[in-house]
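The file structure.txt contains compact mmCIF, C-alpha atoms:
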```
# COMPACT_ATOMS: atom_id res chain seq x y z
CA MET A 28 -34.70 74.96 43.44
CA SER A 29 -31.26 74.58 45.04
CA ASP A 30 -29.64 76.66 47.74
CA HIS A 31 -26.65 77.48 45.52
CA PRO A 32 -26.26 80.93 43.93
CA LEU A 33 -28.24 81.40 40.73
CA SER A 34 -27.14 83.05 37.54
CA ARG A 35 -27.71 86.81 37.55
CA ARG A 36 -30.51 86.55 34.98
CA THR A 37 -32.33 83.79 36.88
CA ALA A 38 -31.90 85.59 40.21
CA LEU A 39 -33.33 88.82 38.78
CA LEU A 40 -36.29 86.93 37.32
CA LEU A 41 -36.97 85.22 40.64
CA PHE A 42 -36.57 88.59 42.39
CA ALA A 43 -39.21 90.11 40.12
CA VAL A 44 -41.59 87.26 40.98
CA VAL A 45 -41.08 87.80 44.72
CA VAL A 46 -41.65 91.56 44.44
CA THR A 47 -44.84 90.92 42.45
CA MET A 48 -46.11 88.44 45.05
CA TRP A 49 -45.46 90.88 47.90
CA GLY A 50 -47.12 93.71 45.98
CA LEU A 51 -50.16 91.51 45.36
CA ASN A 52 -50.30 90.56 49.05
CA TRP A 53 -51.63 94.00 50.00
CA THR A 54 -54.61 93.67 47.67
CA LEU A 55 -55.20 90.13 48.94
CA THR A 56 -55.11 91.38 52.53
CA LYS A 57 -57.75 93.98 51.62
CA PHE A 58 -59.88 91.15 50.19
CA LEU A 59 -59.37 88.99 53.28
CA VAL A 60 -60.43 91.66 55.80
CA GLN A 61 -63.64 92.13 53.79
CA HIS A 62 -64.51 88.44 54.29
CA LEU A 63 -62.88 87.60 57.64
CA PRO A 64 -62.43 89.33 60.99
CA PRO A 65 -59.04 91.13 60.86
CA LEU A 66 -57.25 89.02 63.46
CA TRP A 67 -58.50 85.77 61.98
CA SER A 68 -57.37 86.87 58.51
CA VAL A 69 -53.77 87.13 59.70
CA ALA A 70 -53.96 84.19 62.13
CA ILE A 71 -55.13 81.70 59.49
CA ARG A 72 -52.55 82.94 57.02
CA ALA A 73 -49.84 82.62 59.68
CA VAL A 74 -50.86 79.01 60.32
CA VAL A 75 -50.68 78.25 56.58
CA ALA A 76 -47.24 79.89 56.40
CA THR A 77 -46.04 77.90 59.42
CA LEU A 78 -47.03 74.60 57.83
CA ALA A 79 -45.37 75.56 54.55
CA LEU A 80 -42.19 76.68 56.34
CA ALA A 81 -42.11 73.39 58.26
CA ALA A 82 -42.20 71.51 54.96
CA ILE A 83 -39.46 73.68 53.46
CA THR A 84 -37.11 73.48 56.46
CA LEU A 85 -37.62 69.70 56.72
CA ALA A 86 -36.92 69.29 53.00
CA ARG A 87 -33.74 71.36 53.38
CA ARG A 88 -32.82 69.50 56.59
CA GLN A 89 -32.59 72.81 58.42
CA LEU A 90 -35.20 72.29 61.10
CA ILE A 91 -33.34 72.96 64.34
CA VAL A 92 -34.12 73.30 68.02
CA PRO A 93 -33.52 76.99 68.84
CA ARG A 94 -30.71 77.71 71.25
CA ARG A 95 -31.12 80.03 74.20
CA GLY A 96 -29.38 82.85 72.33
CA ASP A 97 -31.95 82.55 69.52
CA LEU A 98 -34.99 83.01 71.75
CA PRO A 99 -34.96 86.84 72.00
CA VAL A 100 -34.90 87.33 68.23
CA ILE A 101 -37.60 84.69 67.74
CA VAL A 102 -39.85 86.55 70.19
CA SER A 103 -38.99 89.95 68.69
CA VAL A 104 -39.80 88.99 65.09
CA ALA A 105 -42.90 86.98 66.04
CA LEU A 106 -44.31 89.69 68.31
CA LEU A 107 -43.38 92.96 66.61
CA HIS A 108 -43.36 92.02 62.94
CA MET A 109 -45.33 88.87 62.22
CA SER A 110 -48.02 89.62 64.81
CA ALA A 111 -48.22 93.36 65.57
CA PHE A 112 -47.32 94.63 62.09
CA SER A 113 -49.60 92.15 60.31
CA ALA A 114 -52.55 92.70 62.65
CA LEU A 115 -52.28 96.49 62.57
CA VAL A 116 -52.09 96.47 58.77
CA ALA A 117 -55.18 94.24 58.60
CA PHE A 118 -57.13 96.63 60.85
CA GLY A 119 -55.84 99.67 58.95
CA LEU A 120 -56.83 98.25 55.57
CA GLN A 121 -60.43 98.17 56.74
CA PHE A 122 -60.51 101.97 56.55
CA VAL A 123 -57.71 102.99 54.16
CA PRO A 124 -57.27 102.25 50.42
CA VAL A 125 -54.52 99.79 49.50
CA GLY A 126 -52.42 102.38 47.69
CA ARG A 127 -52.23 104.75 50.65
CA SER A 128 -51.80 101.82 53.06
CA ILE A 129 -48.79 100.33 51.33
CA VAL A 130 -47.03 103.69 51.13
CA LEU A 131 -47.59 104.29 54.85
CA GLY A 132 -46.48 100.74 55.65
CA TYR A 133 -43.24 101.18 53.72
CA THR A 134 -42.20 104.24 55.71
CA THR A 135 -40.49 101.74 58.05
CA PRO A 136 -36.89 102.55 56.96
CA LEU A 137 -37.46 106.22 57.80
CA TRP A 138 -38.06 105.29 61.46
CA VAL A 139 -35.17 102.79 61.60
CA ALA A 140 -32.41 105.35 61.10
CA PRO A 141 -33.23 107.70 64.02
CA ALA A 142 -34.00 104.74 66.30
CA ALA A 143 -30.70 103.06 65.40
CA TRP A 144 -28.90 106.34 66.12
CA LEU A 145 -30.60 106.68 69.48
CA LEU A 146 -30.36 103.06 70.65
CA LEU A 147 -27.39 101.60 68.75
CA ARG A 148 -25.36 104.76 68.31
CA GLU A 149 -25.25 104.25 64.55
CA PRO A 150 -24.08 107.40 62.75
CA VAL A 151 -26.52 109.42 60.65
CA PRO A 152 -24.62 110.93 57.70
CA ARG A 153 -25.91 114.10 56.07
CA GLU A 154 -27.23 112.17 53.09
CA ARG A 155 -29.25 109.87 55.33
CA LEU A 156 -30.56 112.80 57.34
CA PHE A 157 -31.66 114.47 54.11
CA GLY A 158 -33.33 111.22 53.06
CA ILE A 159 -35.27 111.09 56.34
CA VAL A 160 -36.42 114.69 55.94
CA LEU A 161 -37.46 114.03 52.33
CA GLY A 162 -39.42 110.94 53.38
CA LEU A 163 -41.17 112.77 56.20
CA ALA A 164 -42.08 115.52 53.76
CA GLY A 165 -43.66 112.82 51.60
CA ILE A 166 -45.80 111.73 54.54
CA ALA A 167 -46.84 115.36 55.04
CA VAL A 168 -47.91 115.49 51.38
CA MET A 169 -50.19 112.48 51.95
CA PHE A 170 -51.90 114.24 54.85
CA ASN A 171 -52.23 117.73 53.43
CA PRO A 172 -55.84 119.01 53.60
CA ALA A 173 -56.20 118.92 49.82
CA ALA A 174 -55.44 115.18 49.68
CA PHE A 175 -56.80 113.92 53.00
CA ASP A 176 -60.18 114.36 54.68
CA TRP A 177 -59.32 115.19 58.29
CA SER A 178 -63.00 114.96 59.25
CA ASN A 179 -63.07 111.24 58.36
CA GLY A 180 -62.48 109.55 61.71
CA ASN A 181 -62.11 106.06 60.23
CA ALA A 182 -59.46 107.25 57.78
CA LEU A 183 -57.55 108.90 60.63
CA ILE A 184 -57.69 105.74 62.75
CA GLY A 185 -56.69 103.52 59.82
CA SER A 186 -53.76 105.74 58.86
CA GLY A 187 -52.63 105.89 62.49
CA LEU A 188 -52.73 102.09 62.73
CA LEU A 189 -50.65 101.76 59.56
CA LEU A 190 -48.02 104.19 60.83
CA LEU A 191 -47.98 102.31 64.15
CA ALA A 192 -47.45 99.10 62.17
CA ALA A 193 -44.46 100.67 60.44
CA LEU A 194 -43.05 101.70 63.83
CA CYS A 195 -43.43 98.14 65.16
CA TRP A 196 -41.57 96.79 62.14
CA ALA A 197 -38.87 99.42 62.63
CA ALA A 198 -38.50 98.52 66.32
CA ASN A 199 -38.02 94.89 65.33
CA ILE A 200 -35.37 95.78 62.75
CA VAL A 201 -33.45 97.87 65.27
CA TYR A 202 -33.47 95.00 67.75
CA VAL A 203 -32.35 92.53 65.09
CA ARG A 204 -29.46 94.81 64.15
CA GLY A 205 -28.08 94.59 67.66
CA HIS A 206 -28.80 90.88 68.13
CA ARG A 207 -25.93 88.38 68.34
CA TRP A 208 -26.97 85.61 65.98
CA VAL A 209 -26.42 81.99 66.97
CA SER A 210 -28.23 80.23 64.11
CA GLU A 211 -28.81 81.25 60.50
CA PRO A 212 -31.77 83.66 60.16
CA PHE A 213 -33.79 81.38 57.88
CA GLN A 214 -33.44 78.49 60.34
CA LEU A 215 -35.46 80.54 62.82
CA VAL A 216 -38.26 81.69 60.50
CA PHE A 217 -40.33 78.55 61.14
CA TRP A 218 -40.18 79.12 64.92
CA GLN A 219 -41.01 82.80 64.49
CA ALA A 220 -44.04 81.92 62.35
CA LEU A 221 -45.11 79.20 64.81
CA LEU A 222 -45.02 81.59 67.76
CA ALA A 223 -46.85 84.26 65.73
CA SER A 224 -49.52 81.71 64.81
CA VAL A 225 -50.08 80.84 68.46
CA LEU A 226 -50.19 84.50 69.52
CA LEU A 227 -52.51 85.61 66.72
CA THR A 228 -54.87 82.64 67.08
CA THR A 229 -55.12 83.15 70.84
CA LEU A 230 -55.75 86.87 70.42
CA ALA A 231 -58.32 86.23 67.68
CA LEU A 232 -60.21 83.77 69.90
CA MET A 233 -60.18 86.21 72.82
CA ARG A 234 -61.24 89.29 70.82
CA GLU A 235 -63.30 87.97 67.90
CA GLY A 236 -64.43 84.53 69.11
CA VAL A 237 -64.88 81.51 66.89
CA PRO A 238 -65.47 82.92 63.40
CA ASP A 239 -68.46 82.07 61.23
CA ILE A 240 -66.69 81.85 57.88
CA ALA A 241 -68.46 81.52 54.52
CA TRP A 242 -65.76 79.55 52.72
CA THR A 243 -65.35 80.17 49.00
CA ARG A 244 -62.70 79.20 46.47
CA ALA A 245 -61.53 82.79 46.29
CA LEU A 246 -61.14 83.02 50.08
CA VAL A 247 -59.25 79.73 50.33
CA GLY A 248 -57.06 80.71 47.40
CA ALA A 249 -56.22 84.06 48.96
CA LEU A 250 -55.26 82.45 52.28
CA LEU A 251 -53.15 79.78 50.60
CA PHE A 252 -51.42 82.29 48.34
CA GLY A 253 -50.65 84.66 51.20
CA GLY A 254 -49.35 81.91 53.46
CA ILE A 255 -47.49 79.70 50.99
CA PHE A 256 -46.31 82.00 48.21
CA GLY A 257 -46.43 85.43 49.84
CA THR A 258 -44.66 84.30 53.02
CA ALA A 259 -43.02 80.85 53.09
CA LEU A 260 -41.74 80.48 49.52
CA ALA A 261 -40.92 84.19 49.31
CA HIS A 262 -38.64 83.89 52.37
CA TRP A 263 -36.96 80.85 50.88
CA ALA A 264 -36.50 82.57 47.53
CA MET A 265 -35.03 85.68 49.16
CA VAL A 266 -32.35 83.57 50.89
CA ILE A 267 -31.20 82.36 47.48
CA ILE A 268 -31.58 85.80 45.86
CA ASN A 269 -29.46 87.38 48.59
CA ARG A 270 -26.71 84.88 47.84
CA SER A 271 -26.92 85.56 44.11
CA LEU A 272 -27.22 89.35 43.87
CA PRO A 273 -25.35 92.26 45.51
CA ALA A 274 -27.01 93.67 48.64
CA THR A 275 -27.43 97.10 47.02
CA ILE A 276 -29.45 95.62 44.16
CA THR A 277 -31.78 93.71 46.48
CA SER A 278 -32.21 96.65 48.88
CA LEU A 279 -33.12 99.07 46.10
CA GLY A 280 -35.03 96.51 44.05
CA LEU A 281 -37.36 95.78 46.94
CA LEU A 282 -38.54 99.38 46.76
CA ALA A 283 -40.46 98.27 43.68
CA THR A 284 -42.82 96.41 46.04
CA PRO A 285 -44.94 99.44 47.04
CA VAL A 286 -45.00 100.62 43.42
CA MET A 287 -46.20 97.19 42.36
CA GLY A 288 -48.75 97.15 45.19
CA VAL A 289 -50.20 100.52 44.19
CA ALA A 290 -50.40 99.45 40.53
CA ILE A 291 -52.10 96.13 41.37
CA SER A 292 -54.64 97.82 43.65
CA ALA A 293 -55.51 100.21 40.83
CA LEU A 294 -55.90 97.39 38.30
CA VAL A 295 -57.73 94.90 40.53
CA LEU A 296 -59.72 97.15 42.86
CA GLY A 297 -60.07 100.17 40.61
CA GLU A 298 -58.50 102.48 43.20
CA ALA A 299 -57.64 105.93 41.87
CA ILE A 300 -53.95 106.83 41.84
CA GLU A 301 -54.01 110.47 42.85
CA LEU A 302 -51.23 112.91 42.07
CA SER A 303 -50.64 113.51 45.79
CA LEU A 304 -50.10 109.75 46.32
CA ILE A 305 -47.61 109.57 43.44
CA ALA A 306 -45.73 112.60 44.79
CA ALA A 307 -45.70 111.23 48.33
CA MET A 308 -44.54 107.78 47.19
CA ALA A 309 -41.77 109.32 45.08
CA MET A 310 -40.56 111.42 48.03
CA ILE A 311 -40.73 108.57 50.55
CA LEU A 312 -39.01 106.05 48.30
CA GLY A 313 -36.51 108.69 47.21
CA GLY A 314 -35.68 109.35 50.84
CA ILE A 315 -35.19 105.64 51.45
CA VAL A 316 -32.91 105.36 48.40
CA ILE A 317 -30.79 108.29 49.59
CA GLY A 318 -30.59 106.77 53.06
CA THR A 319 -29.66 103.36 51.65
CA MET A 320 -26.94 104.75 49.41
CA SER A 321 -25.40 107.03 52.04
CA ARG A 322 -21.94 106.12 53.21
CA ARG A 323 -21.57 104.14 56.41
CA THR A 324 -18.84 103.80 58.97
CA PRO A 325 -17.65 100.17 58.61
CA ASP A 326 -16.64 99.68 62.23
CA VAL A 327 -19.93 100.98 63.61
CA ALA A 328 -22.71 99.97 61.24
CA ARG A 329 -23.96 96.42 61.66
CA PRO A 330 -25.12 94.25 58.76
CA ILE A 331 -28.80 93.39 58.73
CA PRO A 332 -29.59 89.68 58.30
CA ALA A 333 -31.57 88.86 55.17
CA ALA A 334 -34.65 87.89 57.14
CA ALA A 335 -34.91 91.26 58.86
CA GLN A 336 -34.12 93.93 56.30
CA PRO A 337 -36.75 96.61 55.68
CA SER A 338 -39.19 95.89 52.88
CA ARG A 339 -38.42 92.17 52.83
CA GLN A 340 -41.72 90.98 54.14
CA SER A 341 -45.26 91.57 53.34
CA PRO A 342 -48.20 92.16 55.68
```

Translate the structure described by the file into structure tokens.
Amino acid sequence: MSDHPLSRRTALLLFAVVVTMWGLNWTLTKFLVQHLPPLWSVAIRAVVATLALAAITLARRQLIVPRRGDLPVIVSVALLHMSAFSALVAFGLQFVPVGRSIVLGYTTPLWVAPAAWLLLREPVPRERLFGIVLGLAGIAVMFNPAAFDWSNGNALIGSGLLLLAALCWAANIVYVRGHRWVSEPFQLVFWQALLASVLLTTLALMREGVPDIAWTRALVGALLFGGIFGTALAHWAMVIINRSLPATITSLGLLATPVMGVAISALVLGEAIELSLIAAMAMILGGIVIGTMSRRTPDVARPIPAAAQPSRQSP
């Protein structure tokens, strides 16, 4: 695959493959945390992704030594997104079904808008404000007493961890929006993954010790898929897709990821798709669409680099 823009048809096909891989990643993560300690499940996958990204950047001759101006964004993405978000999702998936988890995880854009208004002074048009309210109403639907057992302590903890993961991802996006880029975003992904691998492995050793893993083909396959296809190759593909398709198409198209994730969890794990979950997902994604399509003030709003847009990475 080259780095040049693809034809529209080829780009859309590749885009559909990436969305499917990211949707499948949530079910794979559920499988991994059932066979590995949570921190080790994300640490090993991060190591696999780092090795794959090293191979890709070397093949593209884009392996660089980060400059001083790159260091803050490397730390931000590695700490808040690749480490905190991934670890919190892994812990949350221990107690929460995949369908509910992915919807909670993809509330990230709802938290970005108010944080960007508060910290970056980005305007919040009426349409975007309505989108935020609609999305928050969707979250309320998920936690109404008829759809959620408030006496289930594990479910409460798991849902809280997933919302905290979304907030960590949102905090990273807000920082990235205000960052002054020195290098191309993809050139830094390897270093972000490398730092995340070190952080997660160290934390896993400290908290969970050396794991006693019963290796199986399914477990190895899940780790390789998540690291190589779900992370490294997906990032590479998105760089090319972003150059081949309009930003609006990619932003809205990526909203198919949670829909795909819910569908795959139902097919593979047999999870029930309740009416309340469908309603909540429709409201949350509808709110994100309204917020994405709302008009922006050109001289104030900052473009988001491809590597840091909401919904562009999986857990």

Which neighbours of A:Asn171 fall inside 12 Å, counting all atoms listed in the file, when residues of the same chain fewer than 6 positions from it are skipped, and could you give them as an NGL selection string? :A and (164-165 or 177 or 303-304 or 306-307)

Tell me which protein, DNA and RNA residues are within 12 Å of A:Leu260, counting only C-alpha atoms, leaving out same-chain ones fewer than 3 positions away, and put them as a ChimeraX atom specification. /A:28,41-42,44-45,48-49,75-84,213,216-217,251-257,263-267,340

Within-10 Å shell of (-41.9, 91.1, 65.2) in input frame, only C-alpha atoms, as a PyMOL selection string: chain A and resi 100-113+195-200+202-203+219-220+223+335

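For the set A:Arg88, A:Val151, A:Pro99, A:Arg36, the residue with the smallest atom-to-atom gap to A:His206 is A:Pro99, counting all atoms listed in the file.
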
Pick from A:Gln89, A:Thr243, A:Ser128, A:Thr37 nearest to A:Gly187, counting only C-alpha atoms: A:Ser128

Find the residues around stretch 280-297 of chain A up to 9 Å (all atoms listed in the file counted), leave out those fewer than 4 positions away in its own chain, and share them as a ChimeraX atom specification. /A:42-43,45-54,124-127,129-130,132-133,275-276,308,312,315-316,337-339

So what do you get for atom CA of A:Trp242 versus atom CA of A:His62, distance-wise?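 Separation between atom CA of A:Trp242 and atom CA of A:His62: 9.1 Å.
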
May I ask which of the residues A:Ala192, A:Ala86, A:Met320, A:Leu302 is the closest one to A:Met169, counting all atoms listed in the file?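 Of A:Ala192, A:Ala86, A:Met320, A:Leu302, the one nearest A:Met169 is A:Leu302, counting all atoms listed in the file.
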
Neighbouring residues of A:Pro64 were defined as those with any atom within 9 Å, considering all atoms listed in the file; residues of the same chain fewer than 6 positions away were excluded. Please report them as a JSON list (two decimals) with C-alpha atoms, in the frame of the given file.
```json
[["chain", "number", "residue", "atom", "x", "y", "z"],
["A", 231, "ALA", "CA", -58.32, 86.23, 67.68],
["A", 235, "GLU", "CA", -63.30, 87.97, 67.90],
["A", 238, "PRO", "CA", -65.47, 82.92, 63.40]]
```

May I have the residues at most 6 Å from (-57.5, 103.2, 55.8) in the file's coordinates, counting all atoms listed in the file, as a list in words?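 Those residues, ordered by chain and then number, are Gly119, Leu120, Gln121, Phe122, Val123, Pro124, Ala182, Gly185 and Ser186 of chain A.
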
Kindly give the distance, in Å, that separates atom CA of A:Ala245 and atom CA of A:Ile300, rounded to a single decimal.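 Computed distance, atom CA of A:Ala245 to atom CA of A:Ile300, equals 25.6 Å.
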
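Here atom CA of A:Phe58 is placed at a distance of 11.2 Å from atom CA of A:Gly248.
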
Which residues are close to A:Arg35, i.e. within 9 Å by all atoms listed in the file, leaving aside same-chain residues fewer than 4 positions away? Reply as a list in words. Leu39, Leu40, Ser271 and Leu272 of chain A

Have a look at A:Ala249, A:Pro136, A:Ile311, A:Leu230 and name the one nearest to A:Lys57; count all atoms listed in the file. A:Ala249

Proximity to A:Leu161 - best of A:Leu191, A:Ile268, A:Ala117, A:Leu137, all atoms listed in the file: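 Under the stated criterion, the closest residue is A:Leu137.
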
Looking at only C-alpha atoms, which of A:Ala241, A:Val168, A:Ala140, A:Ile71 is the one that sits closest to A:Glu154?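 Residue with the minimum atom-to-atom distance to A:Glu154: A:Ala140.
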
Taking the structure I provided as the source, export stretch 242-330 of chain A with C-alpha atoms, as a compact mmCIF listing (two decimals), in the first residue's frame.
```txt
# COMPACT_ATOMS: atom_id res chain seq x y z
CA TRP A 242 -1.11 -19.68 26.15
CA THR A 243 -3.53 -20.84 23.48
CA ARG A 244 -3.84 -20.16 19.76
CA ALA A 245 -6.93 -18.06 20.38
CA LEU A 246 -5.14 -15.92 22.99
CA VAL A 247 -2.07 -15.37 20.80
CA GLY A 248 -4.29 -14.58 17.83
CA ALA A 249 -6.29 -12.03 19.80
CA LEU A 250 -3.14 -10.28 21.02
CA LEU A 251 -1.60 -10.22 17.55
CA PHE A 252 -4.79 -8.99 15.93
CA GLY A 253 -5.29 -6.24 18.49
CA GLY A 254 -1.69 -5.06 18.30
CA ILE A 255 -0.97 -5.42 14.59
CA PHE A 256 -4.29 -4.95 12.82
CA GLY A 257 -6.38 -3.13 15.42
CA THR A 258 -3.66 -0.61 16.27
CA ALA A 259 -0.58 -0.40 14.03
CA LEU A 260 -2.02 -1.12 10.57
CA ALA A 261 -5.24 0.72 11.41
CA HIS A 262 -3.26 3.89 12.22
CA TRP A 263 -1.33 3.56 8.99
CA ALA A 264 -4.50 2.98 6.98
CA MET A 265 -6.22 5.99 8.56
CA VAL A 266 -3.35 8.27 7.45
CA ILE A 267 -4.01 7.24 3.85
CA ILE A 268 -7.80 7.35 4.26
CA ASN A 269 -7.61 10.88 5.66
CA ARG A 270 -5.69 11.94 2.57
CA SER A 271 -8.21 10.29 0.26
CA LEU A 272 -11.59 11.22 1.75
CA PRO A 273 -13.10 14.50 3.02
CA ALA A 274 -12.80 15.05 6.78
CA THR A 275 -16.59 15.12 7.21
CA ILE A 276 -16.93 11.65 5.71
CA THR A 277 -14.25 10.16 7.95
CA SER A 278 -15.55 11.90 11.09
CA LEU A 279 -19.11 10.70 10.56
CA GLY A 280 -18.11 7.32 9.14
CA LEU A 281 -16.14 6.49 12.27
CA LEU A 282 -19.38 6.66 14.22
CA ALA A 283 -20.14 3.29 12.66
CA THR A 284 -17.48 1.81 14.97
CA PRO A 285 -19.69 1.55 18.08
CA VAL A 286 -22.57 0.25 15.97
CA MET A 287 -20.27 -2.39 14.53
CA GLY A 288 -18.94 -3.19 18.01
CA VAL A 289 -22.43 -3.71 19.44
CA ALA A 290 -23.41 -5.91 16.49
CA ILE A 291 -20.25 -8.05 16.75
CA SER A 292 -20.68 -8.51 20.50
CA ALA A 293 -24.23 -9.71 19.91
CA LEU A 294 -23.17 -12.15 17.18
CA VAL A 295 -20.00 -13.48 18.85
CA LEU A 296 -20.84 -13.27 22.56
CA GLY A 297 -24.60 -13.57 22.32
CA GLU A 298 -25.14 -10.30 24.21
CA ALA A 299 -28.72 -9.04 24.12
CA ILE A 300 -29.26 -5.72 22.36
CA GLU A 301 -31.85 -4.07 24.56
CA LEU A 302 -34.17 -1.32 23.39
CA SER A 303 -32.71 1.08 25.97
CA LEU A 304 -29.20 0.49 24.57
CA ILE A 305 -30.38 1.15 21.01
CA ALA A 306 -32.14 4.34 22.10
CA ALA A 307 -29.14 5.53 24.11
CA MET A 308 -26.72 4.78 21.26
CA ALA A 309 -28.94 6.62 18.78
CA MET A 310 -29.13 9.67 21.05
CA ILE A 311 -25.40 9.72 21.84
CA LEU A 312 -24.30 9.25 18.24
CA GLY A 313 -26.96 11.69 17.08
CA GLY A 314 -25.61 14.26 19.49
CA ILE A 315 -22.08 13.69 18.18
CA VAL A 316 -23.28 14.07 14.58
CA ILE A 317 -25.02 17.35 15.39
CA GLY A 318 -21.92 18.58 17.18
CA THR A 319 -19.68 17.55 14.29
CA MET A 320 -21.86 19.22 11.68
CA SER A 321 -22.34 22.46 13.61
CA ARG A 322 -20.74 25.54 12.13
CA ARG A 323 -17.37 26.64 13.45
CA THR A 324 -15.59 29.94 13.61
CA PRO A 325 -12.59 29.52 11.25
CA ASP A 326 -10.24 31.85 13.09
CA VAL A 327 -10.85 30.22 16.46
CA ALA A 328 -11.39 26.50 15.93
CA ARG A 329 -8.22 24.47 15.55
CA PRO A 330 -7.94 21.45 13.25
```
